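J.: Before I ask anything, let me first share the structure, which is written out below as structure tokens.
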Amino acid sequence: MAGAPGSTRRRTRQAVYEFVRERGLATKKDIADGLGISLPTVGKYLSYFLEAGLLEEGAKLSSGDHGGRSPIAYTCVADGRFAVGVDVNRDRVRCLVVNLDGRVLGTRRTRRAFERSQDYFAFVGREVAATIAETGVDRGLILGVGVAVPGLISETTGQVTYGRVIDNKGISAADFAAHIPYETRLVHDSEAAGFAEFWDKTTVDNAFYVSLSHSVGGSVLIKNAMYRGDGELAGEVGHMRIHDAGLRCYCGRDGCLDPYCNSTVLSRHTDGSIEDFFTRLAAGDPALVTVWDRYTSDLAIAVNNIRVMFGCTIILGGDVGAHSGAQLDDLRHKVERLDFLDTDSRTFLVSASLREHPIAVGAALYLVDEFRQQLGRTLSGALSYSQSPRWSGSVERVATV
Ligand SMILES: [Zn+2]
């Protein structure tokens, strides 16, 4: 019989790589036994990955269980490829580089107000180039650049369809890509933050990630897959109405969660620094205690609403989630008072585990995730993205150029 179809070969290649990745170290025999394929087939794929710089020989194991000879164990090369993540916000750009393990190798932040202009897109391109240069990674190993922006992004057109936080409606990846010499994707910022939190984790199957940053958003994980609803709206918790005749939201409605619980509600009391807010709060600053009391009362309403709708783990993320861990008792008590089941909130309400730059990290990880899904398409440095993107199935809303 002729060789296996290309898709089967790719699946096998991917399975070999993922097997080694999960094990950390694996011998040829481990892989053959684990995947039920022949030793020569394993050898072929190992050669492929060694040549591609994605696997390397790790330690030689003691002969022990393997008879007389010491078998070679293979391991993944975390620095075999890199991806760049960019977090574009109202007043600054965060740019960073991650490796295949999602480890941040270098990060850069520059203040500049967002504007819809070629000057601005060129500025972002220079930030990407500067970050890569500062990190010192091989540019030939860059998989691509994920640019996270506030706003909903159409799956079909790749354009921002709703962008009132920074007035970016209508922009697309192509606007940034004109100044970035790598594959460039546009992603929704709060979804990127949730993706970073969920990525590569096996501890939760169902979760709701609340992104509490300059704006409030969310991501939904159901049965270990991102849930986006019909269209692009699932998780848009920033526009959950929590008060009648309340504060004006940037969406134009009154009483949404966003104007009560975005991070600037706190940081505007400490010169824009969320870190300083929690430092002074911990020291008992009475003015900030009042601010935090009001904030947690409003957030508790949203948490309870999410809990009764989804009945799953709720992860507090974004800038506030990253820094509020030691100050959550108030919120917990308020959530428990609202909960119709009197559940101990510690069983479902947690702080995000990824504290540093979740939006930019998530934006980069989209590229890493796709790379792993498409492993084996080419042996050259970065993969070709000439074909339409085929995300893992867990994440589908990513615009492509
Ligand atoms: Zn709103």
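Residues are named by chain letter and number: chains run A, B, ... in the order of the structure tokens, numbers start at 1 in each chain, and ligands are numbered from 1 in the order shown.
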Extract, using only C-alpha atoms, all DNA, RNA and protein residues at most 9 Å from range 269-285 of chain A, discarding same-chain residues fewer than 2 positions from it, and format them as a list in words.

T.: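 In the requested format, the answer is Ser263, Thr264, Val265, Leu266, Ser267, Ala287, Leu288, Val289, Thr290, Val291, Trp292, Asp319, Val320, His323, Ser324, Ala326 and Gln327 of chain A.
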
J.: Could you save those same residues with N, CA and C atoms as a PDB file, in the first residue's frame?

T.:
```pdb
ATOM      1  N   SER A 263     -10.091  48.542  35.642  1.00  0.00           N
ATOM      2  CA  SER A 263      -8.978  48.746  36.582  1.00  0.00           C
ATOM      3  C   SER A 263      -8.730  50.222  36.902  1.00  0.00           C
ATOM      4  N   THR A 264      -9.137  51.119  36.011  1.00  0.00           N
ATOM      5  CA  THR A 264      -8.888  52.531  36.285  1.00  0.00           C
ATOM      6  C   THR A 264      -9.781  53.057  37.412  1.00  0.00           C
ATOM      7  N   VAL A 265     -10.866  52.350  37.698  1.00  0.00           N
ATOM      8  CA  VAL A 265     -11.703  52.721  38.847  1.00  0.00           C
ATOM      9  C   VAL A 265     -10.837  52.717  40.121  1.00  0.00           C
ATOM     10  N   LEU A 266      -9.865  51.824  40.146  1.00  0.00           N
ATOM     11  CA  LEU A 266      -8.949  51.744  41.292  1.00  0.00           C
ATOM     12  C   LEU A 266      -7.695  52.598  41.056  1.00  0.00           C
ATOM     13  N   SER A 267      -7.077  52.418  39.901  1.00  0.00           N
ATOM     14  CA  SER A 267      -5.759  53.021  39.689  1.00  0.00           C
ATOM     15  C   SER A 267      -5.804  54.544  39.569  1.00  0.00           C
ATOM     16  N   ALA A 287      -9.122  55.934  52.482  1.00  0.00           N
ATOM     17  CA  ALA A 287      -9.817  56.331  51.248  1.00  0.00           C
ATOM     18  C   ALA A 287      -9.886  55.152  50.285  1.00  0.00           C
ATOM     19  N   LEU A 288      -8.786  54.421  50.192  1.00  0.00           N
ATOM     20  CA  LEU A 288      -8.754  53.302  49.257  1.00  0.00           C
ATOM     21  C   LEU A 288      -9.582  52.118  49.761  1.00  0.00           C
ATOM     22  N   VAL A 289      -9.676  51.985  51.079  1.00  0.00           N
ATOM     23  CA  VAL A 289     -10.537  50.937  51.638  1.00  0.00           C
ATOM     24  C   VAL A 289     -11.982  51.167  51.201  1.00  0.00           C
ATOM     25  N   THR A 290     -12.382  52.443  51.193  1.00  0.00           N
ATOM     26  CA  THR A 290     -13.746  52.782  50.747  1.00  0.00           C
ATOM     27  C   THR A 290     -13.931  52.469  49.266  1.00  0.00           C
ATOM     28  N   VAL A 291     -12.928  52.827  48.478  1.00  0.00           N
ATOM     29  CA  VAL A 291     -12.996  52.559  47.031  1.00  0.00           C
ATOM     30  C   VAL A 291     -13.100  51.055  46.776  1.00  0.00           C
ATOM     31  N   TRP A 292     -12.276  50.300  47.466  1.00  0.00           N
ATOM     32  CA  TRP A 292     -12.254  48.840  47.283  1.00  0.00           C
ATOM     33  C   TRP A 292     -13.570  48.202  47.738  1.00  0.00           C
ATOM     34  N   ASP A 319      -5.474  43.074  35.126  1.00  0.00           N
ATOM     35  CA  ASP A 319      -4.603  43.787  36.072  1.00  0.00           C
ATOM     36  C   ASP A 319      -5.083  43.651  37.512  1.00  0.00           C
ATOM     37  N   VAL A 320      -6.395  43.731  37.718  1.00  0.00           N
ATOM     38  CA  VAL A 320      -6.919  43.647  39.084  1.00  0.00           C
ATOM     39  C   VAL A 320      -6.764  42.230  39.613  1.00  0.00           C
ATOM     40  N   HIS A 323      -3.282  41.419  40.926  1.00  0.00           N
ATOM     41  CA  HIS A 323      -2.728  42.074  42.109  1.00  0.00           C
ATOM     42  C   HIS A 323      -3.608  41.995  43.349  1.00  0.00           C
ATOM     43  N   SER A 324      -4.806  41.470  43.209  1.00  0.00           N
ATOM     44  CA  SER A 324      -5.759  41.567  44.321  1.00  0.00           C
ATOM     45  C   SER A 324      -5.790  40.340  45.216  1.00  0.00           C
ATOM     46  N   ALA A 326      -4.371  39.011  47.713  1.00  0.00           N
ATOM     47  CA  ALA A 326      -4.360  39.075  49.180  1.00  0.00           C
ATOM     48  C   ALA A 326      -5.536  39.878  49.732  1.00  0.00           C
ATOM     49  N   GLN A 327      -6.301  40.472  48.853  1.00  0.00           N
ATOM     50  CA  GLN A 327      -7.370  41.384  49.301  1.00  0.00           C
ATOM     51  C   GLN A 327      -8.750  40.874  48.906  1.00  0.00           C
TER      52      GLN A 327
END
```

J.: Mind dumping a table of every chain A residue within 9 Å of ligand 1, with the nearest atom pair and its distance in Å to one decimal, using only C-alpha atoms and all ligand atoms, sorted by chain and rising number, as a tab-separated table?

T.:
```
residue	atom	partner	partner_atom_place_in_ligand_line	distance
A:Val237	CA	ligand 1	1 (Zn)	8.9
A:Gly238	CA	ligand 1	1 (Zn)	6.2
A:His239	CA	ligand 1	1 (Zn)	4.0
A:Met240	CA	ligand 1	1 (Zn)	7.2
A:Arg241	CA	ligand 1	1 (Zn)	7.6
A:Arg248	CA	ligand 1	1 (Zn)	7.7
A:Cys249	CA	ligand 1	1 (Zn)	4.6
A:Tyr250	CA	ligand 1	1 (Zn)	5.9
A:Cys251	CA	ligand 1	1 (Zn)	4.3
A:Gly252	CA	ligand 1	1 (Zn)	6.4
A:Arg253	CA	ligand 1	1 (Zn)	5.4
A:Asp254	CA	ligand 1	1 (Zn)	7.0
A:Gly255	CA	ligand 1	1 (Zn)	7.4
A:Cys256	CA	ligand 1	1 (Zn)	4.7
A:Leu257	CA	ligand 1	1 (Zn)	7.1
A:Asp258	CA	ligand 1	1 (Zn)	6.3
A:Pro259	CA	ligand 1	1 (Zn)	7.9
```

J.: Can you tell me how far CA of Asp339 in chain A sits from CA of Asn305 in chain A, in Å to one decimal?

T.: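 CA of Asn305 in chain A lies 9.1 Å from CA of Asp339 in chain A.
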
J.: Per DSSP on the backbone, what are the strand (DSSP E or B) residues of range 32-138 of chain A, as a VMD selection string?

T.: chain A and resid 55 to 60 72 to 76 82 to 88 92 to 99 104 to 111

J.: I'd like the contact shell of His333 in chain A - 10 Å cut-off, only C-alpha atoms, skipping same-chain residues fewer than 4 positions apart - returned as a PyMOL selection string.

T.: chain A and resi 296-297+300+328-329+337-339+344-345

J.: Provide the CA of Thr157 in chain A to CA of Ser172 in chain A distance in Å, to one decimal place.

T.: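 Taking CA of Thr157 in chain A as the start and CA of Ser172 in chain A as the end point, the length is 8.3 Å.
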
J.: Using only C-alpha atoms, can you tell me which of A:Asn304, A:Thr107, A:Gln118, A:Asn99 comes closest to Asp87 in chain A?

T.: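 Of A:Asn304, A:Thr107, A:Gln118, A:Asn99, the one nearest Asp87 in chain A is A:Thr107, counting only C-alpha atoms.
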
J.: Can you check which residues of range 244-383 of chain A DSSP gives as helix (DSSP H, G or I) on the backbone and send them as number ranges by chain?

T.: A: 258-261, 264-267, 274-282, 286-310, 318-323, 325-327, 329-338, 345-347, 358-373

J.: Skip Tyr74 in chain A itself and residues of its chain fewer than 3 positions away, then list as a list in words all residues within 9 Å of it, counting only C-alpha atoms.

T.: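 The residues satisfying every condition are Val20, Gly24, Leu25, Ala26, Thr27, Lys28, Leu46, Leu55, Glu56, Glu57, Gly58, Ala59 and Lys60 of chain A.
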
J.: Could you write out that same residue set with N, CA and C atoms as an mmCIF file, in the first residue's frame?

T.:
```
data_model
loop_
_atom_site.group_PDB
_atom_site.id
_atom_site.type_symbol
_atom_site.label_atom_id
_atom_site.label_comp_id
_atom_site.auth_asym_id
_atom_site.auth_seq_id
_atom_site.Cartn_x
_atom_site.Cartn_y
_atom_site.Cartn_z
ATOM 1 N N VAL A 20 6.292 13.485 23.288
ATOM 2 C CA VAL A 20 7.565 13.850 23.935
ATOM 3 C C VAL A 20 7.344 15.056 24.845
ATOM 4 N N GLY A 24 8.156 14.935 28.680
ATOM 5 C CA GLY A 24 9.388 15.649 29.043
ATOM 6 C C GLY A 24 10.595 14.972 28.428
ATOM 7 N N LEU A 25 10.721 13.685 28.661
ATOM 8 C CA LEU A 25 11.787 12.869 28.068
ATOM 9 C C LEU A 25 11.157 11.569 27.589
ATOM 10 N N ALA A 26 11.499 11.145 26.392
ATOM 11 C CA ALA A 26 10.955 9.873 25.909
ATOM 12 C C ALA A 26 11.948 9.220 24.962
ATOM 13 N N THR A 27 12.066 7.910 25.071
ATOM 14 C CA THR A 27 12.927 7.168 24.149
ATOM 15 C C THR A 27 12.123 6.778 22.911
ATOM 16 N N LYS A 28 12.862 6.296 21.925
ATOM 17 C CA LYS A 28 12.197 5.857 20.701
ATOM 18 C C LYS A 28 11.177 4.757 21.019
ATOM 19 N N LEU A 46 11.519 11.359 14.417
ATOM 20 C CA LEU A 46 12.540 11.937 15.298
ATOM 21 C C LEU A 46 13.589 12.676 14.462
ATOM 22 N N LEU A 55 13.261 19.012 18.474
ATOM 23 C CA LEU A 55 13.603 18.014 19.493
ATOM 24 C C LEU A 55 15.119 17.923 19.555
ATOM 25 N N GLU A 56 15.589 17.478 20.706
ATOM 26 C CA GLU A 56 17.018 17.245 20.838
ATOM 27 C C GLU A 56 17.218 16.023 21.722
ATOM 28 N N GLU A 57 18.418 15.511 21.654
ATOM 29 C CA GLU A 57 18.713 14.384 22.525
ATOM 30 C C GLU A 57 18.867 14.909 23.941
ATOM 31 N N GLY A 58 18.115 14.283 24.842
ATOM 32 C CA GLY A 58 18.235 14.684 26.239
ATOM 33 C C GLY A 58 19.240 13.796 26.931
ATOM 34 N N ALA A 59 18.869 13.280 28.065
ATOM 35 C CA ALA A 59 19.793 12.430 28.804
ATOM 36 C C ALA A 59 19.766 11.016 28.242
ATOM 37 N N LYS A 60 20.877 10.310 28.430
ATOM 38 C CA LYS A 60 20.869 8.874 28.175
ATOM 39 C C LYS A 60 20.358 8.196 29.429
#
```

J.: With only C-alpha atoms as the basis for distance, which of A:Val149, A:Ala178, A:Leu365, A:Ala15 is at the shortest distance from Ala32 in chain A?

T.: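 Residue with the minimum atom-to-atom distance to Ala32 in chain A: A:Ala15.
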
J.: Would you pick out the contacts of Leu349 in chain A at 8 Å or less, using only C-alpha atoms, so that residues sharing its chain but fewer than 2 positions from it are not included, and give the list as a PDB file with N, CA, C and O atoms, in the first residue's frame?

T.:
```
ATOM      1  N   THR A 313     -15.891  27.248  37.677  1.00  0.00           N
ATOM      2  CA  THR A 313     -14.820  28.043  38.256  1.00  0.00           C
ATOM      3  C   THR A 313     -14.813  29.441  37.640  1.00  0.00           C
ATOM      4  O   THR A 313     -14.986  29.586  36.424  1.00  0.00           O
ATOM      5  N   ILE A 314     -14.643  30.452  38.479  1.00  0.00           N
ATOM      6  CA  ILE A 314     -14.538  31.822  37.974  1.00  0.00           C
ATOM      7  C   ILE A 314     -13.142  32.337  38.315  1.00  0.00           C
ATOM      8  O   ILE A 314     -12.713  32.304  39.474  1.00  0.00           O
ATOM      9  N   ILE A 315     -12.449  32.759  37.283  1.00  0.00           N
ATOM     10  CA  ILE A 315     -11.063  33.193  37.446  1.00  0.00           C
ATOM     11  C   ILE A 315     -11.012  34.712  37.323  1.00  0.00           C
ATOM     12  O   ILE A 315     -11.455  35.273  36.316  1.00  0.00           O
ATOM     13  N   LEU A 316     -10.480  35.376  38.347  1.00  0.00           N
ATOM     14  CA  LEU A 316     -10.331  36.826  38.292  1.00  0.00           C
ATOM     15  C   LEU A 316      -8.990  37.144  37.655  1.00  0.00           C
ATOM     16  O   LEU A 316      -7.935  36.823  38.196  1.00  0.00           O
ATOM     17  N   ARG A 332     -15.083  37.776  48.593  1.00  0.00           N
ATOM     18  CA  ARG A 332     -15.590  36.429  48.888  1.00  0.00           C
ATOM     19  C   ARG A 332     -16.838  36.491  49.763  1.00  0.00           C
ATOM     20  O   ARG A 332     -17.839  35.818  49.498  1.00  0.00           O
ATOM     21  N   SER A 345     -16.910  30.241  48.634  1.00  0.00           N
ATOM     22  CA  SER A 345     -16.422  30.796  47.361  1.00  0.00           C
ATOM     23  C   SER A 345     -15.014  30.313  47.028  1.00  0.00           C
ATOM     24  O   SER A 345     -14.594  30.389  45.869  1.00  0.00           O
ATOM     25  N   ARG A 346     -14.296  29.824  48.029  1.00  0.00           N
ATOM     26  CA  ARG A 346     -12.945  29.335  47.727  1.00  0.00           C
ATOM     27  C   ARG A 346     -12.988  28.111  46.820  1.00  0.00           C
ATOM     28  O   ARG A 346     -11.983  27.744  46.214  1.00  0.00           O
ATOM     29  N   THR A 347     -14.154  27.486  46.714  1.00  0.00           N
ATOM     30  CA  THR A 347     -14.249  26.303  45.850  1.00  0.00           C
ATOM     31  C   THR A 347     -14.441  26.667  44.383  1.00  0.00           C
ATOM     32  O   THR A 347     -14.348  25.801  43.511  1.00  0.00           O
ATOM     33  N   SER A 351      -7.955  33.499  41.804  1.00  0.00           N
ATOM     34  CA  SER A 351      -7.181  34.500  41.064  1.00  0.00           C
ATOM     35  C   SER A 351      -6.478  33.810  39.899  1.00  0.00           C
ATOM     36  O   SER A 351      -6.122  32.626  39.981  1.00  0.00           O
TER      37      SER A 351
END
```

J.: Contacts of Leu100 in chain A at 9 Å or less, counting only C-alpha atoms, minus same-chain residues fewer than 5 places along, as a PDB file with N, CA and C atoms, in the first residue's frame?

T.:
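Done, and the output landed in selection_1.pdb:
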```
ATOM      1  N   VAL A  77      12.691  21.119  22.340  1.00  0.00           N
ATOM      2  CA  VAL A  77      13.512  22.332  22.432  1.00  0.00           C
ATOM      3  C   VAL A  77      12.561  23.515  22.641  1.00  0.00           C
ATOM      4  N   ALA A  78      12.516  24.016  23.865  1.00  0.00           N
ATOM      5  CA  ALA A  78      11.567  25.105  24.161  1.00  0.00           C
ATOM      6  C   ALA A  78      11.856  26.331  23.299  1.00  0.00           C
ATOM      7  N   ASP A  79      13.125  26.553  23.010  1.00  0.00           N
ATOM      8  CA  ASP A  79      13.499  27.717  22.210  1.00  0.00           C
ATOM      9  C   ASP A  79      13.599  27.371  20.720  1.00  0.00           C
ATOM     10  N   GLY A  80      12.878  26.336  20.308  1.00  0.00           N
ATOM     11  CA  GLY A  80      12.910  25.948  18.899  1.00  0.00           C
ATOM     12  C   GLY A  80      12.203  26.946  17.989  1.00  0.00           C
ATOM     13  N   ARG A  81      11.228  27.643  18.526  1.00  0.00           N
ATOM     14  CA  ARG A  81      10.527  28.704  17.805  1.00  0.00           C
ATOM     15  C   ARG A  81      10.093  29.750  18.836  1.00  0.00           C
ATOM     16  N   PHE A  82       9.707  30.906  18.311  1.00  0.00           N
ATOM     17  CA  PHE A  82       9.275  32.004  19.190  1.00  0.00           C
ATOM     18  C   PHE A  82       8.041  32.691  18.594  1.00  0.00           C
ATOM     19  N   ALA A  83       7.300  33.341  19.454  1.00  0.00           N
ATOM     20  CA  ALA A  83       6.175  34.135  18.965  1.00  0.00           C
ATOM     21  C   ALA A  83       6.151  35.457  19.714  1.00  0.00           C
ATOM     22  N   LEU A 365       0.564  33.356  22.276  1.00  0.00           N
ATOM     23  CA  LEU A 365       0.308  31.918  22.366  1.00  0.00           C
ATOM     24  C   LEU A 365      -0.632  31.412  21.276  1.00  0.00           C
ATOM     25  N   VAL A 368       1.738  30.096  18.878  1.00  0.00           N
ATOM     26  CA  VAL A 368       2.350  28.852  19.337  1.00  0.00           C
ATOM     27  C   VAL A 368       1.356  27.696  19.213  1.00  0.00           C
ATOM     28  N   ASP A 369       0.126  27.973  19.590  1.00  0.00           N
ATOM     29  CA  ASP A 369      -0.906  26.940  19.530  1.00  0.00           C
ATOM     30  C   ASP A 369      -1.111  26.461  18.104  1.00  0.00           C
ATOM     31  N   ARG A 372       1.754  24.274  16.908  1.00  0.00           N
ATOM     32  CA  ARG A 372       1.709  22.897  17.404  1.00  0.00           C
ATOM     33  C   ARG A 372       0.639  22.086  16.686  1.00  0.00           C
TER      34      ARG A 372
END
```

J.: Which one of A:Ile359, A:Leu354, A:Ile132, A:Arg126 sits closest to Gly217 in chain A if you count only C-alpha atoms?

T.: A:Ile359

J.: Considering only C-alpha atoms, can you say which of A:Glu191, A:Ala322, A:Val308, A:Ala196 comes closest to Thr343 in chain A?

T.: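 The closest residue to Thr343 in chain A is A:Val308.
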
J.: Within 9 Å of Val165 in chain A, counting only C-alpha atoms, which residues qualify if same-chain residues fewer than 5 places away don't, as a ChimeraX atom specification?

T.: /A:89-90,150-151,214-215,250-251
